[in-house]
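Asker: Take a look at my_file-v2.csv, CSV, C-alpha atoms and all ligand atoms:
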```csv
chain,number,residue,atom,x,y,z
V,1,GLU,CA,113.4,52.2,93.6
V,2,ALA,CA,111.0,54.8,92.1
V,3,PRO,CA,109.8,54.1,88.5
V,4,ARG,CA,111.8,56.2,86.1
V,5,GLY,CA,110.2,59.5,85.3
V,6,HIS,CA,108.1,59.7,88.5
V,7,GLU,CA,110.9,60.1,90.9
V,8,ILE,CA,111.2,63.3,92.9
V,9,ALA,CA,114.3,64.9,91.4
V,10,ALA,CA,114.1,68.3,93.2
V,11,VAL,CA,112.1,70.2,95.8
V,12,GLU,CA,112.6,74.0,95.7
V,13,THR,CA,111.1,76.6,98.0
V,14,VAL,CA,110.6,80.4,97.7
V,15,ILE,CA,109.1,82.9,100.1
V,16,VAL,CA,106.6,85.3,98.5
V,17,ASP,CA,104.9,88.4,100.0
V,18,CYS,CA,101.6,89.2,98.1
V,19,PRO,CA,99.9,92.5,98.8
V,20,THR,CA,96.2,92.3,99.7
V,21,THR,CA,93.5,94.6,98.4
V,22,ARG,CA,93.0,96.0,101.9
V,23,ARG,CA,94.0,95.6,105.5
V,24,HIS,CA,92.7,92.3,106.9
V,25,ARG,CA,92.2,92.3,110.7
V,26,LEU,CA,91.9,89.4,113.1
V,27,SER,CA,91.7,89.4,116.9
V,28,ASN,CA,95.4,88.7,117.3
V,29,THR,CA,97.0,90.0,114.1
V,30,GLU,CA,96.5,92.1,111.0
V,31,ILE,CA,98.0,91.9,107.5
V,32,SER,CA,98.3,94.1,104.4
V,33,PHE,CA,100.2,91.4,102.6
V,34,GLN,CA,100.1,87.6,102.8
V,35,SER,CA,103.3,85.5,103.0
V,36,TYR,CA,103.6,82.0,101.6
V,37,VAL,CA,106.2,79.5,100.8
V,38,ILE,CA,105.7,78.3,97.3
V,39,VAL,CA,107.0,74.8,96.8
V,40,LYS,CA,108.1,73.5,93.4
V,41,VAL,CA,108.6,69.8,92.8
V,42,ILE,CA,110.4,68.6,89.7
V,43,LEU,CA,110.1,64.9,88.7
V,44,GLY,CA,112.6,62.9,86.8
V,45,ASP,CA,110.7,63.3,83.5
V,46,GLY,CA,110.8,67.1,84.0
V,47,THR,CA,107.1,67.4,85.2
V,48,VAL,CA,106.7,70.3,87.5
V,49,GLY,CA,104.2,70.6,90.4
V,50,TYR,CA,103.5,73.5,92.7
V,51,GLY,CA,102.2,73.7,96.2
V,52,GLU,CA,101.8,76.4,98.8
V,53,ALA,CA,102.3,76.7,102.6
V,54,ALA,CA,100.2,79.5,104.0
V,55,THR,CA,100.7,81.6,107.1
V,56,LEU,CA,98.9,84.6,108.6
V,57,GLY,CA,100.8,87.4,110.1
V,58,GLY,CA,104.0,85.5,110.9
V,59,PRO,CA,103.9,82.8,113.6
V,60,ARG,CA,100.7,84.2,114.9
V,61,TRP,CA,97.7,82.3,113.6
V,62,ALA,CA,99.7,79.1,114.2
V,63,GLU,CA,103.3,78.5,115.3
V,64,GLU,CA,104.7,78.3,111.7
V,65,SER,CA,106.2,81.2,109.9
V,66,VAL,CA,107.4,81.3,106.3
V,67,GLU,CA,111.0,81.6,107.4
V,68,ALA,CA,110.7,78.4,109.6
V,69,ILE,CA,108.6,76.6,106.9
V,70,LYS,CA,111.2,77.2,104.2
V,71,ALA,CA,114.1,76.2,106.5
V,72,ASN,CA,112.4,73.0,107.6
V,73,ILE,CA,111.4,72.0,104.1
V,74,ASP,CA,114.9,72.6,102.8
V,75,ALA,CA,116.8,70.9,105.6
V,76,TYR,CA,114.5,68.0,106.6
V,77,ILE,CA,111.4,67.5,104.5
V,78,ALA,CA,112.8,67.6,101.0
V,79,PRO,CA,115.8,65.3,101.8
V,80,ALA,CA,113.3,62.7,103.3
V,81,ILE,CA,111.5,62.3,100.0
V,82,ARG,CA,114.0,63.1,97.3
V,83,GLY,CA,114.5,60.1,94.9
V,84,ARG,CA,111.1,58.6,95.9
V,85,SER,CA,108.2,58.0,93.6
V,86,ALA,CA,105.8,61.0,93.6
V,87,LEU,CA,103.0,58.5,93.3
V,88,ASP,CA,103.7,56.9,96.7
V,89,PHE,CA,101.5,59.5,98.5
V,90,GLU,CA,101.0,57.6,101.8
V,91,ARG,CA,104.7,56.7,102.0
V,92,ASN,CA,105.8,60.2,101.3
V,93,ALA,CA,103.4,61.6,103.9
V,94,LEU,CA,104.8,59.2,106.4
V,95,LEU,CA,108.4,60.1,105.6
V,96,MET,CA,107.6,63.8,105.9
V,97,ALA,CA,105.9,63.3,109.2
V,98,LYS,CA,108.9,61.3,110.5
V,99,ALA,CA,111.3,64.0,109.3
V,100,ALA,CA,109.4,66.9,110.7
V,101,ASN,CA,107.1,66.7,113.8
V,102,ARG,CA,103.9,68.9,113.4
V,103,ASN,CA,105.1,71.5,110.8
V,104,ASN,CA,101.6,71.0,109.2
V,105,ALA,CA,101.7,73.9,106.8
V,106,ALA,CA,105.2,72.9,105.6
V,107,ARG,CA,104.2,69.3,105.0
V,108,ALA,CA,100.9,70.3,103.3
V,109,GLY,CA,102.8,72.6,100.9
V,110,VAL,CA,105.1,69.8,99.8
V,111,ASP,CA,102.2,67.3,99.6
V,112,SER,CA,100.2,69.7,97.5
V,113,ALA,CA,103.1,70.0,95.1
V,114,LEU,CA,103.5,66.2,94.9
V,115,PHE,CA,99.8,65.8,94.0
V,116,ASP,CA,100.1,68.5,91.4
V,117,ALA,CA,103.2,66.9,89.9
V,118,ALA,CA,101.8,63.4,90.0
V,119,GLY,CA,98.5,64.4,88.5
V,120,LYS,CA,100.2,66.3,85.7
V,121,ALA,CA,102.5,63.4,85.0
V,122,LEU,CA,99.5,61.0,84.8
V,123,GLY,CA,97.2,63.5,83.1
V,124,LEU,CA,94.7,63.2,86.0
V,125,PRO,CA,93.2,65.8,88.3
V,126,ALA,CA,94.4,65.5,91.9
V,127,SER,CA,90.7,64.9,93.0
V,128,GLN,CA,90.8,61.7,90.9
V,129,LEU,CA,93.8,60.5,93.0
V,130,LEU,CA,91.8,61.2,96.1
V,131,GLY,CA,88.8,59.1,95.1
V,132,GLY,CA,87.2,61.2,92.5
V,133,ALA,CA,85.0,64.4,92.7
V,134,VAL,CA,81.4,64.2,93.7
V,135,ARG,CA,80.8,68.0,93.3
V,136,ASP,CA,82.2,70.6,90.9
V,137,ARG,CA,81.4,73.8,92.9
V,138,ILE,CA,81.1,74.9,96.4
V,139,GLU,CA,79.3,77.9,98.0
V,140,VAL,CA,82.0,80.4,98.9
V,141,LEU,CA,81.7,83.1,101.5
V,142,TRP,CA,83.7,86.4,101.7
V,143,ALA,CA,85.3,87.8,104.9
V,144,LEU,CA,84.8,91.3,106.0
V,145,ALA,CA,87.7,92.3,108.2
V,146,SER,CA,88.7,95.9,107.8
V,147,GLY,CA,86.9,96.8,111.0
V,148,ASP,CA,85.2,99.8,109.4
V,149,ALA,CA,81.5,99.0,109.0
V,150,GLU,CA,80.9,101.5,106.2
V,151,GLN,CA,83.8,100.1,104.1
V,152,GLU,CA,82.7,96.6,104.9
V,153,ILE,CA,79.1,97.2,103.8
V,154,GLU,CA,80.3,98.8,100.5
V,155,GLU,CA,82.6,95.8,99.9
V,156,ALA,CA,79.9,93.3,100.7
V,157,LYS,CA,77.4,95.0,98.4
V,158,ALA,CA,79.9,94.9,95.5
V,159,LYS,CA,80.4,91.2,96.1
V,160,LEU,CA,76.6,90.7,96.2
V,161,SER,CA,75.9,92.6,93.0
V,162,ALA,CA,78.7,90.7,91.2
V,163,ARG,CA,76.9,87.5,92.3
V,164,GLU,CA,80.2,86.3,93.8
V,165,HIS,CA,79.3,86.1,97.5
V,166,ARG,CA,76.1,86.2,99.5
V,167,ARG,CA,77.3,84.8,102.8
V,168,PHE,CA,79.8,86.9,104.8
V,169,LYS,CA,82.2,86.1,107.7
V,170,ILE,CA,82.7,89.0,110.0
V,171,LYS,CA,86.0,89.0,112.0
V,172,LEU,CA,85.4,90.0,115.6
V,173,GLY,CA,87.6,90.5,118.6
V,174,PHE,CA,89.9,93.3,117.5
V,175,HIS,CA,87.4,96.0,118.7
V,176,SER,CA,85.8,95.9,122.2
V,177,PRO,CA,82.8,93.5,122.2
V,178,ALA,CA,80.4,96.5,122.5
V,179,ASP,CA,82.0,98.2,119.5
V,180,ASP,CA,81.9,95.0,117.5
V,181,MET,CA,78.1,94.7,118.2
V,182,THR,CA,77.6,98.2,116.9
V,183,ARG,CA,79.6,97.4,113.8
V,184,LEU,CA,77.9,94.0,113.3
V,185,THR,CA,74.4,95.5,113.7
V,186,LYS,CA,75.2,98.1,111.0
V,187,ILE,CA,76.4,95.3,108.7
V,188,VAL,CA,73.5,93.0,109.3
V,189,GLU,CA,71.0,95.8,108.8
V,190,ALA,CA,72.6,96.7,105.5
V,191,LEU,CA,72.7,93.2,104.1
V,192,PRO,CA,69.2,91.7,104.5
V,193,GLY,CA,68.9,88.1,103.4
V,194,CYS,CA,72.6,87.4,103.7
V,195,GLU,CA,73.9,84.7,106.0
V,196,ILE,CA,76.4,86.1,108.5
V,197,VAL,CA,79.2,84.0,110.2
V,198,CYS,CA,81.3,85.5,112.9
V,199,ASP,CA,84.9,84.5,113.7
V,200,VAL,CA,86.3,85.6,117.0
V,201,ASN,CA,89.7,84.0,116.6
V,202,GLN,CA,90.0,83.2,120.3
V,203,GLY,CA,89.4,86.8,121.2
V,204,TRP,CA,86.7,86.3,123.9
V,205,THR,CA,86.5,84.8,127.3
V,206,GLU,CA,83.6,82.6,128.5
V,207,ALA,CA,82.1,85.6,130.3
V,208,THR,CA,82.2,87.8,127.3
V,209,ALA,CA,80.7,85.1,125.1
V,210,ILE,CA,77.9,84.6,127.7
V,211,ARG,CA,77.2,88.3,127.6
V,212,PHE,CA,77.2,88.8,123.8
V,213,LEU,CA,76.0,85.5,122.3
V,214,PRO,CA,72.3,86.4,122.8
V,215,ARG,CA,72.9,89.6,120.8
V,216,LEU,CA,74.5,87.6,118.0
V,217,ALA,CA,71.5,85.3,118.0
V,218,GLU,CA,69.1,88.3,117.9
V,219,LEU,CA,71.0,89.6,114.8
V,220,GLY,CA,70.5,86.2,113.1
V,221,VAL,CA,74.1,85.2,112.9
V,222,VAL,CA,74.2,81.6,111.6
V,223,LEU,CA,77.6,80.3,112.9
V,224,ILE,CA,80.2,81.5,115.4
V,225,GLU,CA,83.8,80.4,115.0
V,226,GLN,CA,86.4,79.8,117.7
V,227,PRO,CA,85.2,82.2,120.3
V,228,LEU,CA,87.6,81.0,123.0
V,229,ARG,CA,91.3,79.9,123.2
V,230,PRO,CA,92.1,76.3,122.1
V,231,GLY,CA,92.2,73.9,125.1
V,232,LEU,CA,89.2,75.5,126.8
V,233,ILE,CA,86.9,72.6,126.0
V,234,ALA,CA,84.7,72.7,129.1
V,235,ALA,CA,84.3,76.5,128.9
V,236,THR,CA,83.4,76.3,125.2
V,237,ALA,CA,81.0,73.5,125.8
V,238,ARG,CA,79.2,75.6,128.5
V,239,ILE,CA,78.7,78.5,126.0
V,240,ALA,CA,77.8,76.0,123.2
V,241,ALA,CA,75.1,74.6,125.5
V,242,ARG,CA,73.5,78.0,126.1
V,243,SER,CA,74.0,79.3,122.5
V,244,ALA,CA,71.3,79.3,119.9
V,245,ILE,CA,74.0,79.5,117.3
V,246,PRO,CA,76.2,76.5,116.4
V,247,ILE,CA,79.9,76.9,117.2
V,248,MET,CA,82.6,76.1,114.7
V,249,ILE,CA,85.9,74.6,115.8
V,250,ASP,CA,88.9,76.1,114.1
V,251,GLU,CA,92.2,76.7,115.9
V,252,ALA,CA,91.2,74.3,118.7
V,253,ALA,CA,91.6,71.2,116.6
V,254,PHE,CA,94.5,70.5,114.2
V,255,THR,CA,94.9,66.7,114.8
V,256,GLY,CA,92.5,63.8,114.8
V,257,PRO,CA,92.6,63.4,118.5
V,258,GLU,CA,92.0,67.1,119.0
V,259,ILE,CA,88.9,66.8,116.7
V,260,VAL,CA,87.6,63.9,118.8
V,261,ALA,CA,88.4,65.6,122.1
V,262,ASN,CA,86.4,68.7,121.1
V,263,ALA,CA,83.5,66.7,119.7
V,264,ILE,CA,83.3,64.5,122.8
V,265,GLY,CA,83.6,67.6,125.0
V,266,ALA,CA,80.7,69.1,123.1
V,267,ALA,CA,82.8,72.2,122.3
V,268,GLY,CA,81.2,72.7,118.9
V,269,SER,CA,79.2,71.1,116.2
V,270,VAL,CA,80.9,72.2,113.0
V,271,TYR,CA,84.6,71.7,112.0
V,272,SER,CA,86.7,73.9,109.8
V,273,LEU,CA,88.9,71.9,107.5
V,274,LYS,CA,92.4,73.4,106.6
V,275,LEU,CA,95.5,71.9,105.1
V,276,VAL,CA,97.6,74.0,107.5
V,277,LYS,CA,96.0,72.0,110.3
V,278,SER,CA,95.9,68.6,108.7
V,279,GLY,CA,99.4,68.6,107.1
V,280,GLY,CA,98.5,67.0,103.8
V,281,LEU,CA,95.7,66.1,101.3
V,282,PHE,CA,94.9,62.6,102.5
V,283,ASN,CA,95.1,63.7,106.1
V,284,LEU,CA,92.7,66.5,105.3
V,285,LYS,CA,90.3,63.9,104.0
V,286,ARG,CA,90.9,61.8,107.1
V,287,ALA,CA,90.1,64.8,109.3
V,288,ALA,CA,86.8,65.2,107.4
V,289,GLY,CA,86.1,61.5,108.1
V,290,ILE,CA,86.9,61.8,111.8
V,291,ALA,CA,84.8,65.0,112.2
V,292,GLN,CA,81.9,63.4,110.4
V,293,ALA,CA,82.1,60.2,112.4
V,294,CYS,CA,81.8,62.4,115.5
V,295,GLY,CA,78.7,64.0,114.1
V,296,LEU,CA,80.3,67.4,113.3
V,297,GLU,CA,79.2,69.2,110.1
V,298,LEU,CA,82.0,70.4,107.8
V,299,TYR,CA,83.2,73.7,106.5
V,300,GLY,CA,86.1,74.4,104.1
V,301,GLY,CA,88.3,76.8,106.0
V,302,CYS,CA,91.2,78.8,104.6
V,303,LEU,CA,94.3,80.8,105.5
V,304,LEU,CA,93.9,83.2,102.6
V,305,GLU,CA,95.6,80.9,100.2
V,306,THR,CA,96.5,81.9,96.6
V,307,GLY,CA,94.9,79.9,93.8
V,308,ILE,CA,97.5,77.2,94.4
V,309,GLY,CA,96.5,76.5,98.0
V,310,ALA,CA,92.8,77.0,97.2
V,311,ALA,CA,93.1,74.4,94.4
V,312,ALA,CA,94.7,71.9,96.8
V,313,HIS,CA,91.8,72.3,99.2
V,314,LEU,CA,89.2,72.1,96.4
V,315,ALA,CA,90.8,68.8,95.2
V,316,VAL,CA,89.9,67.3,98.6
V,317,LEU,CA,86.6,69.2,99.3
V,318,SER,CA,85.3,68.1,95.9
V,319,THR,CA,85.6,64.4,97.0
V,320,LEU,CA,83.9,64.6,100.4
V,321,PRO,CA,80.4,63.1,100.9
V,322,GLN,CA,79.2,66.3,102.5
V,323,VAL,CA,80.4,69.9,103.1
V,324,GLU,CA,77.3,71.3,104.8
V,325,TRP,CA,78.7,74.8,105.3
V,326,GLY,CA,80.4,75.5,102.0
V,327,CYS,CA,83.8,77.1,102.0
V,328,GLU,CA,85.7,80.4,102.3
V,329,HIS,CA,88.4,80.1,99.6
V,330,PHE,CA,88.2,83.8,98.7
V,331,GLY,CA,92.0,84.0,99.1
V,332,PRO,CA,92.8,84.4,95.4
V,333,LYS,CA,90.4,87.4,95.3
V,334,ILE,CA,91.8,89.2,98.3
V,335,LEU,CA,95.3,89.4,96.7
V,336,LYS,CA,96.0,92.3,94.4
V,337,ALA,CA,97.4,89.7,92.0
V,338,ASP,CA,96.9,85.9,92.4
V,339,LEU,CA,99.7,83.6,91.6
V,340,THR,CA,97.6,81.5,89.2
V,341,GLN,CA,96.2,82.3,85.8
V,342,GLY,CA,92.5,82.4,86.7
V,343,GLU,CA,91.6,78.7,86.4
V,344,ILE,CA,89.6,79.1,89.6
V,345,VAL,CA,86.3,80.7,88.7
V,346,PHE,CA,84.0,82.6,91.2
V,347,ARG,CA,80.5,82.7,89.8
V,348,ASP,CA,76.9,82.6,91.1
V,349,PHE,CA,78.1,82.6,94.7
V,350,HIS,CA,80.2,79.4,94.2
V,351,ILE,CA,83.8,78.6,93.7
V,352,HIS,CA,84.2,76.3,90.7
V,353,CYS,CA,86.7,73.5,91.1
V,354,PRO,CA,89.4,73.5,88.4
V,355,THR,CA,89.3,70.4,86.3
V,356,GLY,CA,92.8,70.2,84.7
V,357,PRO,CA,95.5,67.7,85.6
V,358,GLY,CA,97.2,67.9,89.0
V,359,LEU,CA,95.8,70.9,91.0
V,360,GLY,CA,94.4,72.3,87.7
V,361,VAL,CA,96.1,75.7,88.0
V,362,THR,CA,99.1,77.2,86.2
V,363,ILE,CA,101.5,79.7,87.7
V,364,ASN,CA,101.6,83.3,86.7
V,365,GLU,CA,105.4,83.5,86.5
V,366,ASP,CA,105.4,87.3,86.4
V,367,VAL,CA,103.4,87.7,89.6
V,368,LEU,CA,105.5,85.0,91.3
V,369,ARG,CA,108.7,86.9,90.3
V,370,ALA,CA,107.4,90.2,91.5
V,371,ALA,CA,106.2,88.7,94.9
V,372,ARG,CA,109.4,86.9,95.6
V,373,ARG,CA,111.1,88.1,98.8
V,374,LYS,CA,114.4,89.8,98.1
V,375,GLY,CA,117.5,89.3,100.1
B,401,LIG,C1,90.6,81.9,110.3
B,401,LIG,O1,90.8,81.9,111.5
B,401,LIG,O2,89.6,81.5,109.8
B,401,LIG,C2,90.6,82.7,107.2
B,401,LIG,C3,89.7,83.6,106.7
B,401,LIG,C4,89.9,84.7,107.4
B,401,LIG,O3,89.3,85.8,107.2
B,401,LIG,O4,90.8,84.6,108.4
B,401,LIG,C5,91.4,83.3,108.2
B,401,LIG,C6,91.7,82.5,109.4
B,402,MG,MG,88.9,80.9,111.9
```
Reformat the file's structure so that it appears as structure tokens.
Ligand code: MUC
Ligand code: MG
Answerer:
Amino acid sequence: EAPRGHEIAAVETVIVDCPTTRRHRLSNTEISFQSYVIVKVILGDGTVGYGEAATLGGPRWAEESVEAIKANIDAYIAPAIRGRSALDFERNALLMAKAANRNNAARAGVDSALFDAAGKALGLPASQLLGGAVRDRIEVLWALASGDAEQEIEEAKAKLSAREHRRFKIKLGFHSPADDMTRLTKIVEALPGCEIVCDVNQGWTEATAIRFLPRLAELGVVLIEQPLRPGLIAATARIAARSAIPIMIDEAAFTGPEIVANAIGAAGSVYSLKLVKSGGLFNLKRAAGIAQACGLELYGGCLLETGIGAAAHLAVLSTLPQVEWGCEHFGPKILKADLTQGEIVFRDFHIHCPTGPGLGVTINEDVLRAARRKG
């Protein structure tokens, strides 16, 4: 039986649609608002914790949609843990995994809320429950993804002069490769001294990658993310072998075995860590360990999370021995209004990890109410 006070009394879910400051385009989808399931956990003593399950453009970036996430949390995941101690992290993760196969974003959202509630009940930051922080800030990049080079250059220059971001991720694959190269060339020439990462989101074939990777190298691109479809390990390994730029594995590896298979197959040398892939905070930490044991370098990936989801990632990232490539938790800044009250600070090109109990963020109830999906 759960110790009185720490038992999970209720798990509530709500779908929110948060407008973004501009259109964000990927090879396979585009958004002008971001949809999340916000999870609220209430403990027996009244402590409240929040978590978030992120998606990108419906069931497009991955198979989960907010509608499915909410239904599966309400019907299967919440009943599996109700009445249990919020402090039994490993047991709760097991029960959730047993109740819902895969459903990584859904389980991660609930897990984040449990860490928030448990930390708040104990007066400890979630990072302390994950082994303790070894860093208090991480270099954070900004993604340029409107597809319009002039707009993107202006946006990047504003970030640079605000000293918020100096490394930029350019989303490729929604224009033809030739048009993307023209766009990229303009951006690179306008931003001397900035590090440029490119994310193709599976938009290329091996042949296209072979043709255009030399141009990316000429432009000084430092990292190229997920050029081909997941599963194409041998093809990705062939382009990795002829590429002067390291390849980052994103959608190709959600699970531990997938990370190992990609690493053994030589399909990349950097791994993008995401809660929506790992399904929970300890599992994200394990994914980092698996990747590192395979010799991969690490990057803190995102799915444009609000401050809640960003804080859940930072709790884990702050405890890792190494995060060689920094992170991309710019999500709170691409929303017209974030769901938290500004505890996450972007300063001097770094995101600063919140230090308060639990995830260290508090909800902006007005923004949450306004973003709540009606009907
Ligand atoms: C992705 O594939 O990395 C994260 C940042 C961004 O611009 O797109 C997402 C998803
Ligand atoms: Mg990616």
Asker: Step by step, measure atom-to-atom distances between ligand LIG 401 (chain B) and each residue using all atoms listed in the file, keep those at most 9 Å, then write them as an MDAnalysis selection string.
Answerer: chainID V and resid 24:26 56 61 142:145 169:171 199:202 225:226 250:251 272 301:305 328:331
Asker: May I have the selected residues written with C-alpha atoms, as a short mmCIF file (atom, residue, chain, number, x, y, z; two decimals), in the coordinates of the input?
Answerer:
```
data_model
loop_
_atom_site.label_atom_id
_atom_site.label_comp_id
_atom_site.auth_asym_id
_atom_site.auth_seq_id
_atom_site.Cartn_x
_atom_site.Cartn_y
_atom_site.Cartn_z
CA HIS V 24 92.70 92.30 106.90
CA ARG V 25 92.20 92.30 110.70
CA LEU V 26 91.90 89.40 113.10
CA LEU V 56 98.90 84.60 108.60
CA TRP V 61 97.70 82.30 113.60
CA TRP V 142 83.70 86.40 101.70
CA ALA V 143 85.30 87.80 104.90
CA LEU V 144 84.80 91.30 106.00
CA ALA V 145 87.70 92.30 108.20
CA LYS V 169 82.20 86.10 107.70
CA ILE V 170 82.70 89.00 110.00
CA LYS V 171 86.00 89.00 112.00
CA ASP V 199 84.90 84.50 113.70
CA VAL V 200 86.30 85.60 117.00
CA ASN V 201 89.70 84.00 116.60
CA GLN V 202 90.00 83.20 120.30
CA GLU V 225 83.80 80.40 115.00
CA GLN V 226 86.40 79.80 117.70
CA ASP V 250 88.90 76.10 114.10
CA GLU V 251 92.20 76.70 115.90
CA SER V 272 86.70 73.90 109.80
CA GLY V 301 88.30 76.80 106.00
CA CYS V 302 91.20 78.80 104.60
CA LEU V 303 94.30 80.80 105.50
CA LEU V 304 93.90 83.20 102.60
CA GLU V 305 95.60 80.90 100.20
CA GLU V 328 85.70 80.40 102.30
CA HIS V 329 88.40 80.10 99.60
CA PHE V 330 88.20 83.80 98.70
CA GLY V 331 92.00 84.00 99.10
#
```
Asker: Show which residues sit within 6 Å of Trp204 (chain V), as a list in words. Count only C-alpha atoms, and ignore same-chain residues fewer than 3 positions away.
Answerer: Thr208, Pro227 and Leu228 of chain V
Asker: Using all atoms listed in the file, pick whichever of V:Gly132, V:Gly5, V:Gly119, V:Pro246 has the shortest atom-to-atom distance to Phe89 (chain V).
Answerer: V:Gly119
Asker: Just checking: using only C-alpha atoms, which residue out of V:Val221, V:Ala78, V:Val367, V:Val110 ends up closest to Tyr50 (chain V)?
Answerer: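 Among the listed residues, the smallest separation from Tyr50 (chain V) belongs to V:Val110.
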Asker: Find, counting all atoms listed in the file, the residue in V:Gly300, V:Gly57, V:Gly326, V:Gly279 that gets nearest to ligand MG 402 (chain B).
Answerer: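 Smallest separation from ligand MG 402 (chain B) among the options: V:Gly300.
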Asker: Between CA of Val260 (chain V) and CA of Arg102 (chain V), what is the spacing in Å?
Answerer: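 Pair CA of Arg102 (chain V) / CA of Val260 (chain V) returns 17.9 Å.
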Asker: Extract, using all atoms listed in the file, all DNA, RNA and protein residues at most 8 Å from Pro3 (chain V), discarding same-chain residues fewer than 3 positions from it, and format them as a CSV table (one decimal) with C-alpha atoms, in the coordinates of the input.
Answerer:
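The resulting file, part-v1.csv, is reproduced below:
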```csv
chain,number,residue,atom,x,y,z
V,6,HIS,CA,108.1,59.7,88.5
V,7,GLU,CA,110.9,60.1,90.9
V,85,SER,CA,108.2,58.0,93.6
```
Asker: Please, which residues are within 6 Å of (85.4, 61.9, 119.9) by the file's coordinates, counting all atoms listed in the file, and could they come as a list in words?
Answerer: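 Result, sorted by chain then residue number: Val260, Ala261, Ala263, Ile264 and Cys294 of chain V.
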Asker: Which of these residues is nearest to Val270 (chain V), using all atoms listed in the file: V:Val323, V:Gly360, V:Gly307, V:Glu154?
Answerer: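 Closest candidate: V:Val323.
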Asker: Taking 5 positions as the minimum chain separation for residues in the same chain, which residues sit within 7 Å of Ile224 (chain V) when counting only C-alpha atoms? Answer as a count of residues only.
Answerer: 7
Asker: From the set V:Leu213, V:Leu122, V:Ile8, V:Ile73, which residue has the shortest atom-to-atom contact distance to Pro357 (chain V), counting all atoms listed in the file?
Answerer: V:Leu122
Asker: Show me the residues around (79.2, 85.9, 98.0) - criterion: an atom at most 10 Å away, all atoms listed in the file counted - as a ChimeraX atom specification.
Answerer: /V:139-143,156-168,194-195,328,330,346-351
Asker: Given the choices V:Ile15, V:Asn28, V:Asn92, V:Gly46, which gets closest to ligand MG 402 (chain B) if the distance is worked out from all atoms listed in the file?
Answerer: V:Asn28
